[in-house]
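Here's query.txt, which has compact mmCIF, C-alpha atoms:
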```txt
# COMPACT_ATOMS: atom_id res chain seq x y z
CA MET M 1 10.92 -44.23 -27.93
CA TYR M 2 13.33 -41.48 -29.06
CA LEU M 3 14.02 -43.40 -32.30
CA LEU M 4 10.29 -43.84 -32.91
CA CYS M 5 9.60 -40.11 -32.46
CA LYS M 6 12.47 -39.26 -34.80
CA LEU M 7 11.14 -41.58 -37.50
CA LEU M 8 7.62 -40.20 -37.16
CA LEU M 9 8.98 -36.67 -37.64
CA LYS M 10 10.83 -37.78 -40.79
CA LEU M 11 7.61 -39.33 -42.07
CA GLN M 12 5.78 -36.04 -41.71
CA ILE M 13 8.55 -34.28 -43.68
CA GLU M 14 8.61 -36.88 -46.48
CA LYS M 15 4.83 -36.68 -46.89
CA GLN M 16 5.24 -33.05 -47.95
CA ARG M 17 7.71 -33.92 -50.73
CA PRO M 18 7.00 -34.91 -54.36
CA LEU M 19 6.01 -38.42 -55.40
CA LYS M 20 9.61 -39.32 -56.24
CA ALA M 21 10.16 -39.56 -52.49
CA ASN M 22 7.69 -42.45 -52.24
CA LEU M 23 10.42 -45.08 -51.93
CA LYS M 24 11.97 -43.34 -48.95
CA LEU M 25 8.52 -42.79 -47.45
CA ASN M 26 7.71 -46.49 -47.73
CA TYR M 27 11.05 -47.35 -46.12
CA LEU M 28 10.40 -45.05 -43.16
CA GLN M 29 6.90 -46.42 -42.70
CA GLY M 30 8.35 -49.91 -42.62
CA LYS M 31 10.84 -48.90 -39.92
CA VAL M 32 8.07 -47.42 -37.78
CA ILE M 33 5.98 -50.57 -38.11
CA SER M 34 8.97 -52.72 -37.11
CA ILE M 35 9.59 -50.65 -33.99
CA LEU M 36 5.93 -50.74 -33.01
CA LYS M 37 5.86 -54.50 -33.41
CA MET M 38 8.88 -54.83 -31.12
CA GLU M 39 7.26 -52.75 -28.37
CA GLY M 40 6.16 -55.30 -25.83
CA THR M 41 7.75 -56.93 -22.81
CA VAL M 42 11.33 -56.24 -21.75
CA PHE M 43 12.30 -59.55 -23.36
CA ALA M 44 11.34 -58.45 -26.90
CA PRO M 45 14.74 -56.95 -27.92
CA ALA M 46 16.69 -59.97 -26.62
CA LEU M 47 14.32 -62.42 -28.34
CA GLU M 48 14.80 -60.57 -31.62
CA GLY M 49 18.57 -60.46 -31.16
CA MET M 50 18.84 -64.20 -30.54
CA LYS M 51 17.69 -64.83 -34.10
CA HIS M 52 21.01 -63.44 -35.35
CA VAL M 53 23.48 -64.90 -32.84
CA LYS M 54 24.74 -67.65 -35.14
CA SER M 55 26.37 -67.56 -38.57
CA GLU M 56 24.97 -69.49 -41.53
CA GLU M 57 27.46 -72.22 -40.61
CA GLY M 58 26.05 -72.39 -37.09
CA GLU M 59 28.95 -70.69 -35.30
CA MET M 60 28.42 -68.27 -32.41
CA LEU M 61 29.04 -64.68 -33.50
CA SER M 62 30.72 -62.26 -31.11
CA LYS M 63 28.82 -59.01 -31.62
CA PRO M 64 25.28 -60.47 -31.85
CA PHE M 65 25.83 -62.60 -28.72
CA LEU M 66 27.19 -59.64 -26.76
CA ASP M 67 24.33 -57.47 -28.01
CA VAL M 68 21.82 -59.96 -26.63
CA CYS M 69 23.59 -59.89 -23.27
CA LYS M 70 23.45 -56.08 -23.35
CA GLN M 71 19.72 -56.22 -24.01
CA ILE M 72 19.31 -58.20 -20.79
CA LEU M 73 20.86 -55.41 -18.68
CA PRO M 74 17.61 -53.33 -18.65
CA ILE M 75 15.80 -56.43 -17.35
CA ILE M 76 18.35 -56.74 -14.53
CA ASP M 77 17.81 -53.05 -13.73
CA ASN M 78 14.27 -53.82 -12.61
CA PHE M 79 15.60 -55.87 -9.69
CA GLY M 80 17.20 -52.78 -8.16
CA ALA M 81 19.83 -53.26 -5.43
CA ALA M 82 19.37 -57.05 -5.42
CA MET M 83 21.07 -57.29 -8.81
CA ALA M 84 23.63 -54.49 -8.52
CA LEU M 85 26.52 -56.96 -8.24
CA VAL M 86 25.26 -59.07 -11.12
CA LYS M 87 24.82 -56.04 -13.36
CA THR M 88 28.33 -54.78 -12.60
CA ASP M 89 29.82 -58.19 -13.30
CA VAL M 90 27.85 -58.70 -16.51
CA GLY M 91 28.58 -55.19 -17.77
CA GLY M 92 32.30 -55.56 -17.08
CA ASN M 93 32.57 -58.87 -18.91
CA ILE M 94 30.60 -57.57 -21.89
CA THR M 95 32.97 -54.59 -22.12
CA ARG M 96 36.05 -56.83 -21.90
CA LEU M 97 34.84 -59.10 -24.70
CA GLU M 98 33.55 -56.22 -26.80
CA ASN M 99 36.87 -54.37 -26.61
CA LYS M 100 38.65 -57.52 -27.80
CA TYR M 101 36.21 -57.88 -30.68
CA LEU M 102 36.62 -54.22 -31.68
CA SER M 103 40.40 -54.56 -31.69
CA ASN M 104 40.06 -56.78 -34.77
CA PRO M 105 36.43 -57.43 -35.88
CA ALA M 106 37.51 -59.70 -38.74
CA GLU M 107 39.71 -61.92 -36.57
CA PHE M 108 37.25 -62.05 -33.66
CA GLU M 109 34.00 -62.24 -35.60
CA LYS M 110 33.40 -65.70 -34.09
CA LEU M 111 33.03 -65.67 -30.32
CA TYR M 112 35.27 -68.64 -29.57
CA SER M 113 38.16 -67.23 -31.60
CA MET M 114 38.99 -65.00 -28.61
CA VAL M 115 39.42 -68.09 -26.44
CA ARG M 116 41.53 -69.95 -29.02
CA VAL M 117 43.95 -67.02 -29.32
CA GLU M 118 44.40 -66.89 -25.55
CA ILE M 119 44.91 -70.66 -25.34
CA GLU M 120 47.70 -70.41 -27.91
CA ALA M 121 49.27 -67.55 -25.93
CA LYS M 122 48.81 -69.54 -22.67
CA LYS M 123 46.77 -66.69 -21.17
CA ALA M 124 43.29 -68.24 -21.16
CA ASP M 125 43.12 -68.95 -17.43
CA GLY M 126 44.11 -65.45 -16.36
CA SER M 127 41.59 -63.51 -14.26
CA SER M 128 41.51 -60.68 -16.82
CA SER M 129 41.32 -62.92 -19.89
CA CYS M 130 38.45 -62.89 -22.37
CA THR M 131 38.10 -66.61 -21.70
CA ASN M 132 37.42 -65.85 -18.06
CA GLY M 133 35.07 -63.06 -19.13
CA LEU M 134 33.08 -65.36 -21.41
CA LEU M 135 32.87 -68.03 -18.72
CA TRP M 136 31.54 -65.68 -16.04
CA LEU M 137 29.23 -63.88 -18.47
CA THR M 138 27.73 -67.24 -19.43
CA ARG M 139 27.36 -68.24 -15.77
CA ALA M 140 25.63 -64.95 -14.97
CA MET M 141 23.23 -65.55 -17.87
CA ASP M 142 22.62 -69.08 -16.49
CA PHE M 143 21.58 -67.42 -13.25
CA ILE M 144 19.23 -64.99 -15.02
CA VAL M 145 17.60 -67.79 -17.02
CA GLU M 146 17.15 -69.95 -13.91
CA LEU M 147 15.64 -66.99 -12.07
CA PHE M 148 12.99 -66.49 -14.73
CA ARG M 149 12.38 -70.22 -14.92
CA ASN M 150 11.66 -70.13 -11.19
CA LEU M 151 9.23 -67.26 -11.73
CA MET M 152 7.31 -69.36 -14.25
CA GLU M 153 7.33 -72.63 -12.34
CA HIS M 154 6.86 -71.43 -8.75
CA LYS M 155 4.00 -68.95 -8.63
CA ASP M 156 3.90 -69.08 -4.82
CA TRP M 157 7.55 -68.14 -4.26
CA SER M 158 8.55 -64.66 -3.14
CA MET M 159 10.98 -62.81 -5.37
CA SER M 160 13.68 -63.25 -2.75
CA GLN M 161 13.21 -67.03 -2.83
CA VAL M 162 13.14 -67.01 -6.64
CA CYS M 163 16.51 -65.22 -6.71
CA SER M 164 18.10 -67.24 -3.89
CA GLU M 165 17.19 -70.61 -5.38
CA ALA M 166 18.49 -69.53 -8.80
CA TYR M 167 21.77 -68.41 -7.21
CA THR M 168 22.16 -71.68 -5.30
CA LYS M 169 21.63 -73.74 -8.45
CA THR M 170 23.97 -71.75 -10.71
CA LEU M 171 26.59 -69.34 -9.32
CA LYS M 172 27.04 -70.36 -5.69
CA LYS M 173 29.24 -73.41 -6.35
CA TYR M 174 31.80 -71.20 -8.11
CA HIS M 175 31.95 -68.51 -5.41
CA GLY M 176 34.07 -68.36 -2.30
CA TRP M 177 32.65 -67.61 1.15
CA LEU M 178 32.82 -63.81 0.82
CA ALA M 179 31.14 -63.61 -2.59
CA SER M 180 28.51 -66.14 -1.54
CA SER M 181 27.70 -64.23 1.65
CA THR M 182 27.44 -60.95 -0.27
CA PHE M 183 25.06 -62.45 -2.81
CA THR M 184 22.93 -64.04 -0.09
CA VAL M 185 22.41 -60.64 1.53
CA ALA M 186 21.74 -58.95 -1.83
CA MET M 187 19.02 -61.47 -2.75
CA LYS M 188 17.03 -60.34 0.29
CA LEU M 189 16.71 -56.91 -1.36
CA ALA M 190 14.68 -58.32 -4.28
CA PRO M 191 11.59 -56.26 -5.20
CA ASP M 192 7.98 -57.25 -4.64
CA ARG M 193 7.05 -59.98 -7.12
CA LYS M 194 3.78 -58.47 -8.35
CA LYS M 195 5.26 -55.01 -8.83
CA PHE M 196 8.19 -56.48 -10.71
CA MET M 197 5.94 -58.45 -13.07
CA ASP M 198 3.81 -55.38 -13.73
CA VAL M 199 6.90 -53.36 -14.67
CA VAL M 200 8.52 -55.92 -16.99
CA GLY M 201 5.25 -56.96 -18.62
CA GLY M 202 4.88 -53.88 -20.82
CA LYS M 203 2.24 -54.32 -23.53
CA GLY M 204 2.99 -57.93 -24.41
CA ASP M 205 2.43 -61.40 -22.99
CA ILE M 206 5.06 -61.54 -20.25
CA ASN M 207 4.62 -65.25 -19.48
CA SER M 208 4.93 -66.23 -23.13
CA ASP M 209 8.01 -64.05 -23.70
CA MET M 210 9.62 -65.29 -20.49
CA GLU M 211 9.14 -68.89 -21.60
CA LYS M 212 10.55 -68.14 -25.06
CA PHE M 213 13.51 -66.35 -23.51
CA CYS M 214 14.44 -69.32 -21.32
CA ALA M 215 13.85 -71.87 -24.08
CA THR M 216 15.85 -69.95 -26.70
CA PHE M 217 18.74 -68.68 -24.60
CA THR M 218 19.46 -71.90 -22.68
CA PRO M 219 20.83 -73.86 -25.70
CA LEU M 220 23.15 -70.95 -26.58
CA LEU M 221 24.56 -70.85 -23.05
CA GLU M 222 24.93 -74.64 -23.06
CA GLU M 223 26.92 -74.34 -26.27
CA ASN M 224 29.30 -71.90 -24.59
CA HIS M 225 29.79 -74.31 -21.70
CA LYS M 226 30.32 -77.22 -24.08
CA PHE M 227 33.04 -75.36 -25.96
CA LEU M 228 34.78 -74.17 -22.78
CA ALA M 229 34.64 -77.70 -21.36
CA SER M 230 36.18 -79.07 -24.57
CA VAL M 231 39.28 -76.96 -23.92
CA GLY M 232 39.31 -77.64 -20.17
CA LEU M 233 38.22 -74.15 -19.12
CA ASP M 234 34.63 -74.49 -17.91
CA ASP M 235 35.32 -75.20 -14.23
CA MET M 236 37.35 -72.15 -13.18
CA LYS M 237 36.30 -70.63 -9.86
CA ALA M 238 36.41 -67.05 -8.62
CA LYS M 239 39.93 -65.91 -7.78
```

Can you present the structure in this file as structure tokens?
Amino acid sequence: MYLLCKLLLKLQIEKQRPLKANLKLNYLQGKVISILKMEGTVFAPALEGMKHVKSEEGEMLSKPFLDVCKQILPIIDNFGAAMALVKTDVGGNITRLENKYLSNPAEFEKLYSMVRVEIEAKKADGSSSCTNGLLWLTRAMDFIVELFRNLMEHKDWSMSQVCSEAYTKTLKKYHGWLASSTFTVAMKLAPDRKKFMDVVGGKGDINSDMEKFCATFTPLLEENHKFLASVGLDDMKAK
């Protein structure tokens, strides 16, 4: 919203200038229209970002993938205390991978290059490795996708059940007793389903965007798992 207000102010200024400013005026109008078009459900930014996750050669790009994961954080926020642990974990892994990318953007432009470097250095299975970060970030995203799939397919489930079933199907098998118990308690703090849907719906078609989100993001996450499995690093458990 801040960006939109800023652009609208610039538009008012440009309208007062001579005709030679028409090109800039048209550019600013285009930017405003783009932002207005994107205003919709909370899934809109992530859906837009997923269009740019792969290179022309079909390889997963580091920054665009991490940006999509970042755009999912505001969605997680709407779950409140129930998702506090997930948000912390996701945010930490994004930061770890992003710092690695920023250390050498040219070398780490492709997401899996971070893993290959650590494999060569025999550091890939370390708890603080980027490989471990990518694995757990992908698993957390699996959980989020499954959660929203449950929301679509089980209209009669409470939000607590939606979250618990998603956790059981995705993350639980990789967690020890303590982590599993903590998550089980946290899932009981899930918000009211109707209130949650009203909040995330925004001005768009929430059911349509939710379906697109699950359908588009799932293949990307599966690709991460496929790569990690190919190098024997997809089955690591919490340490």

In Å, with one decimal, what is the gap from atom CA of Leu111 of chain M to atom CA of Phe65 of chain M?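 Atom CA of Phe65 of chain M lies at a distance of 8.0 Å from atom CA of Leu111 of chain M.
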
Give the answer as one residue: which of M:Leu135, M:Ile119, M:Ile76, M:Val86 has the shortest atom-to-atom distance to His225 of chain M, using all atoms listed in the file?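 Using all atoms listed in the file, the shortest distance to His225 of chain M belongs to M:Leu135.
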
Find the residues around Ala166 of chain M up to 10 Å (only C-alpha atoms counted), leave out those fewer than 2 positions away in its own chain, and share them as a VMD selection string. chain M and resid 142 to 151 160 to 164 168 to 172

Restricting the calculation to only C-alpha atoms, which member of M:Leu221, M:Ile72, M:Ala82, M:Ala44 is positioned closest to Lys203 of chain M?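 Between M:Leu221, M:Ile72, M:Ala82, M:Ala44, the residue approaching Lys203 of chain M most closely is M:Ala44.
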
Pick the closest to Lys226 of chain M from M:Tyr112, M:Asp67, M:Ser103, M:Thr41: which is it, counting all atoms listed in the file? M:Tyr112

Pick from M:Ile94, M:Asn104, M:Ser158, M:Met152: nearest to Phe213 of chain M, with all atoms listed in the file counted? M:Met152

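If you count all atoms listed in the file and ignore residues fewer than 6 places along the chain from segment 57-59 of chain M, what sits within 12 Å of it is Lys51, Phe65, Glu109, Lys110, Leu111, Tyr112, Ser113, Leu220, Glu223, Asn224 and Phe227 of chain M.
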
With N, CA, C and O atoms as the target, complete segment 192-203 of chain M and hand it back as an mmCIF file, in the frame of the given file.
```
data_model
loop_
_atom_site.group_PDB
_atom_site.id
_atom_site.type_symbol
_atom_site.label_atom_id
_atom_site.label_comp_id
_atom_site.auth_asym_id
_atom_site.auth_seq_id
_atom_site.Cartn_x
_atom_site.Cartn_y
_atom_site.Cartn_z
ATOM 1 N N ASP M 192 9.242 -56.521 -4.746
ATOM 2 C CA ASP M 192 7.980 -57.250 -4.640
ATOM 3 C C ASP M 192 7.670 -57.939 -5.968
ATOM 4 O O ASP M 192 7.809 -57.333 -7.037
ATOM 5 N N ARG M 193 7.253 -59.187 -5.899
ATOM 6 C CA ARG M 193 7.050 -59.980 -7.120
ATOM 7 C C ARG M 193 5.998 -59.371 -8.044
ATOM 8 O O ARG M 193 6.225 -59.243 -9.244
ATOM 9 N N LYS M 194 4.863 -59.000 -7.513
ATOM 10 C CA LYS M 194 3.780 -58.470 -8.350
ATOM 11 C C LYS M 194 4.182 -57.163 -9.026
ATOM 12 O O LYS M 194 3.946 -56.951 -10.222
ATOM 13 N N LYS M 195 4.829 -56.284 -8.263
ATOM 14 C CA LYS M 195 5.260 -55.010 -8.830
ATOM 15 C C LYS M 195 6.287 -55.231 -9.943
ATOM 16 O O LYS M 195 6.252 -54.569 -10.977
ATOM 17 N N PHE M 196 7.177 -56.171 -9.705
ATOM 18 C CA PHE M 196 8.190 -56.480 -10.710
ATOM 19 C C PHE M 196 7.544 -56.972 -11.997
ATOM 20 O O PHE M 196 7.879 -56.513 -13.089
ATOM 21 N N MET M 197 6.601 -57.896 -11.892
ATOM 22 C CA MET M 197 5.940 -58.450 -13.070
ATOM 23 C C MET M 197 5.151 -57.391 -13.828
ATOM 24 O O MET M 197 5.096 -57.387 -15.053
ATOM 25 N N ASP M 198 4.561 -56.466 -13.090
ATOM 26 C CA ASP M 198 3.810 -55.380 -13.730
ATOM 27 C C ASP M 198 4.735 -54.479 -14.549
ATOM 28 O O ASP M 198 4.401 -54.033 -15.646
ATOM 29 N N VAL M 199 5.933 -54.237 -14.001
ATOM 30 C CA VAL M 199 6.900 -53.360 -14.670
ATOM 31 C C VAL M 199 7.458 -54.003 -15.933
ATOM 32 O O VAL M 199 7.538 -53.374 -16.985
ATOM 33 N N VAL M 200 7.878 -55.269 -15.850
ATOM 34 C CA VAL M 200 8.520 -55.920 -16.990
ATOM 35 C C VAL M 200 7.526 -56.383 -18.053
ATOM 36 O O VAL M 200 7.897 -56.659 -19.188
ATOM 37 N N GLY M 201 6.257 -56.446 -17.687
ATOM 38 C CA GLY M 201 5.250 -56.960 -18.620
ATOM 39 C C GLY M 201 5.035 -56.103 -19.848
ATOM 40 O O GLY M 201 4.836 -56.609 -20.947
ATOM 41 N N GLY M 202 5.099 -54.770 -19.682
ATOM 42 C CA GLY M 202 4.880 -53.880 -20.820
ATOM 43 C C GLY M 202 3.521 -54.119 -21.462
ATOM 44 O O GLY M 202 2.513 -54.313 -20.781
ATOM 45 N N LYS M 203 3.501 -54.150 -22.796
ATOM 46 C CA LYS M 203 2.240 -54.320 -23.530
ATOM 47 C C LYS M 203 2.052 -55.743 -24.042
ATOM 48 O O LYS M 203 1.021 -56.055 -24.639
#
```
